[in-house]
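Asker: One file: input24.tsv (TSV, C-alpha atoms).
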```
chain	number	residue	atom	x	y	z
H	1174	MET	CA	212.93	193.46	147.50
H	1175	LEU	CA	215.96	191.33	146.89
H	1176	HIS	CA	217.68	193.05	149.77
H	1177	CYS	CA	214.92	192.14	152.23
H	1178	ASP	CA	214.87	188.53	151.09
H	1179	ALA	CA	218.60	188.39	151.50
H	1180	VAL	CA	218.38	189.72	155.02
H	1181	LEU	CA	215.67	187.23	155.97
H	1182	ALA	CA	217.61	184.43	154.40
H	1183	THR	CA	220.61	185.49	156.40
H	1184	GLN	CA	218.81	185.80	159.77
H	1185	THR	CA	216.86	182.54	159.65
H	1186	PRO	CA	219.89	180.25	159.61
H	1187	LEU	CA	221.42	182.30	162.46
H	1188	CYS	CA	218.30	181.86	164.61
H	1189	SER	CA	218.14	178.17	163.87
H	1190	PHE	CA	221.80	177.80	164.64
H	1191	SER	CA	221.44	179.72	167.91
H	1192	CYS	CA	218.50	177.61	169.08
H	1193	TYR	CA	220.36	174.50	168.09
H	1194	ARG	CA	223.44	175.52	170.04
H	1195	THR	CA	221.37	176.40	173.12
H	1196	SER	CA	219.67	173.02	173.09
H	1197	GLN	CA	223.00	171.30	172.76
H	1198	LEU	CA	224.53	173.23	175.66
H	1199	LEU	CA	221.68	172.30	178.09
H	1200	SER	CA	222.29	169.10	179.98
H	1201	PRO	CA	219.45	166.53	180.26
H	1202	ARG	CA	218.91	167.62	183.89
H	1203	HIS	CA	218.61	171.27	182.86
H	1204	LYS	CA	216.18	170.34	180.10
H	1205	GLN	CA	214.01	168.48	182.62
H	1206	ARG	CA	213.96	171.49	184.96
H	1207	ALA	CA	213.04	173.81	182.10
H	1208	GLN	CA	210.14	171.56	181.11
H	1209	LEU	CA	208.89	171.43	184.71
H	1210	ARG	CA	208.88	175.23	184.84
H	1211	ARG	CA	206.66	175.38	181.79
H	1212	VAL	CA	204.09	172.89	183.12
H	1213	PRO	CA	201.93	174.36	185.93
H	1214	ARG	CA	201.38	172.08	188.92
H	1215	PRO	CA	197.78	171.00	189.56
H	1216	GLY	CA	196.14	173.44	191.93
H	1217	SER	CA	199.18	175.67	192.02
H	1218	LEU	CA	197.06	178.79	191.78
H	1219	ASN	CA	194.92	177.63	194.71
H	1220	ASN	CA	197.99	176.69	196.72
H	1221	GLU	CA	199.58	180.07	196.12
H	1222	ALA	CA	196.36	181.83	197.16
H	1223	THR	CA	196.11	179.66	200.29
H	1224	ASP	CA	199.74	180.28	201.21
H	1225	GLN	CA	199.25	184.01	200.76
H	1226	GLN	CA	196.09	183.95	202.92
H	1227	THR	CA	197.82	181.90	205.62
H	1228	GLN	CA	200.73	184.32	205.65
H	1229	GLU	CA	198.33	187.22	206.03
H	1230	ASN	CA	196.54	185.48	208.92
H	1231	ILE	CA	199.72	184.85	210.89
H	1232	THR	CA	201.28	188.23	210.19
H	1233	PRO	CA	201.16	190.28	213.42
H	1234	PRO	CA	199.66	193.78	213.33
H	1235	VAL	CA	202.16	196.51	212.46
H	1236	ASN	CA	202.29	200.16	213.39
H	1237	GLY	CA	203.02	203.18	211.17
H	1238	SER	CA	206.75	202.43	211.10
H	1239	GLY	CA	206.23	198.91	209.87
H	1240	GLN	CA	207.19	197.33	213.21
H	1241	PRO	CA	204.92	194.83	215.09
H	1242	ASP	CA	202.34	196.66	217.19
H	1243	ARG	CA	203.03	195.49	220.75
H	1244	ARG	CA	199.78	196.85	222.13
H	1245	ALA	CA	197.75	194.86	219.61
H	1246	VAL	CA	199.76	191.71	220.33
H	1247	LEU	CA	199.30	192.12	224.10
H	1248	ALA	CA	195.57	192.76	223.66
H	1249	GLY	CA	195.24	189.57	221.63
H	1250	ALA	CA	197.11	187.61	224.29
H	1251	ALA	CA	194.80	188.99	226.98
H	1252	VAL	CA	191.74	187.88	225.02
H	1253	LEU	CA	193.15	184.37	224.64
H	1254	LEU	CA	193.97	184.22	228.36
H	1255	GLY	CA	190.45	185.32	229.31
H	1256	THR	CA	188.93	182.76	226.97
H	1257	GLY	CA	191.05	180.04	228.54
H	1258	ARG	CA	189.84	180.99	232.02
H	1259	VAL	CA	186.21	180.89	230.92
H	1260	LEU	CA	186.66	177.47	229.33
H	1261	ALA	CA	188.41	176.18	232.45
H	1262	THR	CA	185.50	177.36	234.59
H	1263	ARG	CA	182.95	175.76	232.28
H	1264	ALA	CA	184.93	172.55	232.27
H	1265	GLY	CA	184.25	172.16	235.98
H	1266	LYS	CA	186.47	174.53	237.96
H	1267	GLY	CA	184.21	176.71	240.10
H	1268	ALA	CA	181.01	175.06	238.85
H	1269	PRO	CA	178.14	174.57	241.34
H	1270	SER	CA	178.17	171.30	243.26
H	1271	PHE	CA	176.25	169.66	246.09
H	1272	ALA	CA	179.18	170.46	248.38
H	1273	SER	CA	179.01	174.17	247.52
H	1274	LEU	CA	175.21	174.05	247.90
H	1275	GLU	CA	175.55	172.70	251.45
H	1276	LYS	CA	178.34	175.15	252.24
H	1277	GLY	CA	176.09	178.10	251.44
H	1278	SER	CA	173.15	176.58	253.25
H	1279	VAL	CA	171.76	178.11	256.45
H	1280	ASP	CA	171.16	175.84	259.43
H	1281	LEU	CA	167.46	174.94	259.57
H	1282	ASP	CA	166.96	175.97	263.21
H	1283	THR	CA	168.68	179.31	262.52
H	1284	ALA	CA	166.55	179.89	259.45
H	1285	LEU	CA	163.32	179.31	261.36
H	1286	ALA	CA	164.32	181.75	264.09
H	1287	ASN	CA	165.99	184.73	262.37
H	1288	GLY	CA	162.82	186.36	261.02
H	1289	LYS	CA	163.65	185.94	257.32
H	1290	PRO	CA	161.65	183.98	254.74
H	1291	THR	CA	163.15	180.61	253.85
H	1292	ILE	CA	163.52	178.31	250.87
H	1293	ILE	CA	164.14	174.67	251.75
H	1294	GLU	CA	165.45	172.37	249.04
H	1295	PHE	CA	165.23	168.64	249.64
H	1296	TYR	CA	167.73	166.90	247.37
H	1297	ALA	CA	169.90	163.81	246.97
H	1298	ALA	CA	173.33	163.24	245.45
H	1299	TRP	CA	171.98	160.42	243.25
H	1300	CYS	CA	169.23	162.67	241.86
H	1301	GLY	CA	169.99	163.58	238.25
H	1302	ILE	CA	167.34	166.30	238.17
H	1303	CYS	CA	168.80	167.85	241.34
H	1304	ARG	CA	172.17	167.90	239.62
H	1305	ASP	CA	170.69	169.54	236.54
H	1306	LEU	CA	169.08	172.25	238.71
H	1307	LEU	CA	172.26	172.97	240.68
H	1308	PRO	CA	173.01	176.15	238.65
H	1309	VAL	CA	169.48	177.40	239.39
H	1310	SER	CA	169.78	176.67	243.10
H	1311	ALA	CA	173.23	178.29	243.25
H	1312	GLU	CA	172.03	181.42	241.46
H	1313	VAL	CA	168.96	181.82	243.68
H	1314	GLN	CA	171.08	181.19	246.76
H	1315	SER	CA	173.59	183.86	245.71
H	1316	THR	CA	171.04	186.43	244.49
H	1317	PHE	CA	168.72	186.39	247.52
H	1318	LYS	CA	171.10	185.42	250.34
H	1319	LYS	CA	170.72	188.83	252.05
H	1320	ASN	CA	166.94	188.56	252.28
H	1321	ILE	CA	166.16	184.83	252.21
H	1322	ASN	CA	167.49	181.82	254.06
H	1323	PHE	CA	168.42	179.01	251.69
H	1324	VAL	CA	168.40	175.61	253.40
H	1325	ALA	CA	169.60	172.44	251.65
H	1326	LEU	CA	168.52	169.13	253.21
H	1327	ASN	CA	169.92	165.85	251.89
H	1328	ILE	CA	167.24	163.16	252.15
H	1329	ASP	CA	169.96	160.50	252.31
H	1330	ASN	CA	170.50	161.74	255.87
H	1331	THR	CA	167.87	160.12	258.11
H	1332	LYS	CA	168.23	163.14	260.41
H	1333	TRP	CA	165.66	164.88	258.21
H	1334	THR	CA	163.03	162.14	258.36
H	1335	GLU	CA	160.67	164.34	260.35
H	1336	GLU	CA	160.98	167.25	257.89
H	1337	VAL	CA	160.50	164.93	254.91
H	1338	SER	CA	157.26	163.71	256.49
H	1339	GLN	CA	156.13	167.19	257.56
H	1340	PHE	CA	156.45	168.66	254.06
H	1341	ARG	CA	155.19	165.50	252.34
H	1342	VAL	CA	158.31	164.96	250.26
H	1343	ARG	CA	157.75	162.07	247.84
H	1344	GLY	CA	160.43	162.86	245.30
H	1345	VAL	CA	163.33	165.23	244.74
H	1346	PRO	CA	164.09	167.96	244.15
H	1347	HIS	CA	161.40	169.42	246.41
H	1348	PHE	CA	161.42	173.17	247.15
H	1349	VAL	CA	159.41	174.57	250.08
H	1350	PHE	CA	158.73	178.31	250.44
H	1351	LEU	CA	158.24	179.62	253.99
H	1352	ASP	CA	157.39	183.16	255.09
H	1353	SER	CA	159.26	184.97	257.85
H	1354	GLN	CA	157.10	183.21	260.46
H	1355	GLY	CA	157.95	179.74	259.14
H	1356	ARG	CA	154.55	179.16	257.52
H	1357	GLN	CA	154.49	177.33	254.23
H	1358	LEU	CA	153.26	179.44	251.32
H	1359	GLY	CA	154.01	177.15	248.42
H	1360	ALA	CA	156.06	174.30	246.97
H	1361	ALA	CA	157.80	173.46	243.70
H	1362	VAL	CA	158.47	169.79	243.05
H	1363	GLY	CA	160.66	168.15	240.42
H	1364	ARG	CA	162.08	169.64	237.25
H	1365	VAL	CA	160.50	173.10	237.24
H	1366	PRO	CA	161.55	176.15	235.20
H	1367	GLN	CA	164.02	178.57	236.76
H	1368	GLN	CA	161.38	181.29	236.61
H	1369	VAL	CA	159.24	179.39	239.10
H	1370	ILE	CA	161.96	179.43	241.76
H	1371	GLU	CA	163.02	183.00	241.07
H	1372	ASP	CA	159.51	184.49	240.98
H	1373	ASN	CA	158.54	182.71	244.20
H	1374	ALA	CA	161.73	184.01	245.81
H	1375	LYS	CA	160.90	187.57	244.74
H	1376	ALA	CA	157.42	187.16	246.23
H	1377	LEU	CA	158.95	186.04	249.54
H	1378	VAL	CA	161.09	189.19	249.65
H	1379	ALA	CA	158.13	191.42	248.77
H	1380	GLY	CA	155.81	189.63	251.19
H	1381	GLY	CA	153.32	189.00	248.39
H	1382	LYS	CA	151.37	186.04	247.11
H	1383	MET	CA	153.22	183.10	245.58
H	1384	PRO	CA	152.85	183.22	241.77
H	1385	TYR	CA	153.60	179.48	241.64
H	1386	ALA	CA	152.25	178.10	244.91
H	1387	LYS	CA	151.90	174.61	243.46
H	1388	SER	CA	154.29	173.73	240.66
H	1389	ALA	CA	155.30	170.20	239.76
H	1390	GLY	CA	157.51	168.43	237.25
H	1391	LYS	CA	159.31	165.12	236.92
H	1392	THR	CA	161.00	163.94	240.12
H	1393	SER	CA	163.59	161.34	241.10
H	1394	THR	CA	163.07	158.65	243.74
H	1395	PRO	CA	165.63	156.26	245.28
H	1396	ASP	CA	166.00	152.80	243.75
H	1397	THR	CA	166.42	151.04	247.10
H	1398	ALA	CA	164.33	151.18	250.26
H	1399	SER	CA	167.14	151.55	252.77
H	1400	GLY	CA	169.21	154.44	254.01
H	1401	THR	CA	167.08	157.47	253.11
H	1402	ALA	CA	164.69	159.65	255.02
H	1403	LEU	CA	162.39	159.63	251.99
H	1404	LYS	CA	161.99	155.85	251.93
H	1405	GLN	CA	161.25	155.74	255.64
H	1406	THR	CA	158.29	158.06	255.17
H	1407	MET	CA	156.85	156.63	251.94
H	1408	PRO	CA	153.86	154.28	252.15
H	1409	ARG	CA	154.69	150.57	252.00
H	1410	ASP	CA	153.96	148.65	248.85
H	1411	HIS	CA	151.33	146.00	249.68
H	1412	ALA	CA	151.28	144.50	246.19
```
Could you express the structure from this file as structure tokens?

Answerer:
Amino acid sequence: MLHCDAVLATQTPLCSFSCYRTSQLLSPRHKQRAQLRRVPRPGSLNNEATDQQTQENITPPVNGSGQPDRRAVLAGAAVLLGTGRVLATRAGKGAPSFASLEKGSVDLDTALANGKPTIIEFYAAWCGICRDLLPVSAEVQSTFKKNINFVALNIDNTKWTEEVSQFRVRGVPHFVFLDSQGRQLGAAVGRVPQQVIEDNAKALVAGGKMPYAKSAGKTSTPDTASGTALKQTMPRDHA
């Protein structure tokens, strides 16, 4: 028992002396660094987890030998390139326009003489509804171009005053559906659903009855009385 107490009495001063010497040897700057190591930074665990996750996200795929997988990298680049092209197209490149609508349009006299059914669209560049329906017109024009004439007539051109009067156009857009003999089978006026135009076009191809012979929605009319075929055919205001 005395031996154990002697040993403990001998070791304690040595430990105290060693700790004392270590504290004396550390400079104030070293002491400050040691204290900073002991105190965890706020959110350090979250930061470490975030850094690890970020590193995992940016680490390229590797193959069995631990080297970057070139095929996977090239495939990812191809996907990004394709996405960029789609976004560029949606941003306006290649989107339907009144110019492209007119470019794909068949001449009216040709349409009435070639033995095909015809869709005539009366429109105007200032017409917001016409602009909204441009994708519908472009799709119908592209889908049925082999079997149906698609004719686009701008009512701002007074050349079409007679046609505007003949088909009783009072607002735009105004779609007229003619059979292969040039006889009117139906009309769709204003903001109408895409299904109306497509189903009527299918009926023209099949030679059947118009499912939507008379369909009407909100239309646009010019704000001024001059310079349009539509205004020249509208009744005068006697108020």

Asker: So, with only C-alpha atoms as the atoms that count, which of H:Ala1268, H:Leu1358, H:Ile1321, H:Leu1307 lies closest to Gly1381 (chain H)?

Answerer: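 Closest residue, counting only C-alpha atoms: H:Leu1358.
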
Asker: Produce a table with one row for each residue of region 1279-1299 of chain H that has an atom at most 7 Å from any atom of region 1343-1346 of chain H, each row naming the nearest atom pair and its distance in Å at one decimal; use only C-alpha atoms; arrange rows by chain and rising residue number; format as JSON lines.

Answerer:
```
{"residue": "H:Glu1294", "atom": "CA", "partner": "H:Pro1346", "partner_atom": "CA", "distance": 6.7}
{"residue": "H:Phe1295", "atom": "CA", "partner": "H:Pro1346", "partner_atom": "CA", "distance": 5.6}
{"residue": "H:Tyr1296", "atom": "CA", "partner": "H:Pro1346", "partner_atom": "CA", "distance": 5.0}
```

Asker: Write the selection just made, keeping C-alpha atoms, as a PDB file, in the frame of the given file?

Answerer:
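And here's result-v3.pdb as it stands now:
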```
ATOM      1  CA  GLU H1294     165.450 172.370 249.040  1.00  0.00           C
ATOM      2  CA  PHE H1295     165.230 168.640 249.640  1.00  0.00           C
ATOM      3  CA  TYR H1296     167.730 166.900 247.370  1.00  0.00           C
TER       4      TYR H1296
END
```

Asker: Identify, on the basis of only C-alpha atoms, every residue whose closest approach to Arg1304 (chain H) does not exceed 8 Å; exclude the query and any residue fewer than 6 positions from it along the same chain; express the result as JSON, numbers by chain.

Answerer: {"H": [1270, 1271, 1298]}

Asker: May I ask for the distance between CA of Gly1390 (chain H) and CA of Asp1352 (chain H), given in Å to one decimal place?

Answerer: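 That distance, rounded to one decimal, is 23.1 Å.
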
Asker: Let me make sure I understand: among H:Cys1303, H:Glu1336, H:Asp1329, H:Ala1389, which one has the smallest atom-to-atom distance to Ala1360 (chain H) if we use all atoms listed in the file?

Answerer: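 Closest to Ala1360 (chain H) of all the choices is H:Ala1389.
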
Asker: Out of H:Val1378, H:Ser1393, H:Val1309, H:Pro1290, which residue has the shortest atom-to-atom distance to Leu1351 (chain H) when counting all atoms listed in the file?

Answerer: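 Among the listed residues, H:Pro1290 lies closest to Leu1351 (chain H).
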
Asker: Restricting the calculation to all atoms listed in the file: of H:Asn1320, H:Gln1368, H:Ser1353, H:Gln1314, which residue gets closest to Pro1384 (chain H)?

Answerer: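 Of H:Asn1320, H:Gln1368, H:Ser1353, H:Gln1314, the one nearest Pro1384 (chain H), counting all atoms listed in the file, is H:Gln1368.
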
Asker: For CA of Lys1319 (chain H) and CA of Glu1335 (chain H), determine how far apart the two atoms are, in Å to one decimal place.

Answerer: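 The value is 27.7 Å.
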
Asker: What does the structure give for the distance between CA of Leu1285 (chain H) and CA of Val1365 (chain H), in Å to one decimal?

Answerer: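 These atoms are spaced 25.1 Å apart.
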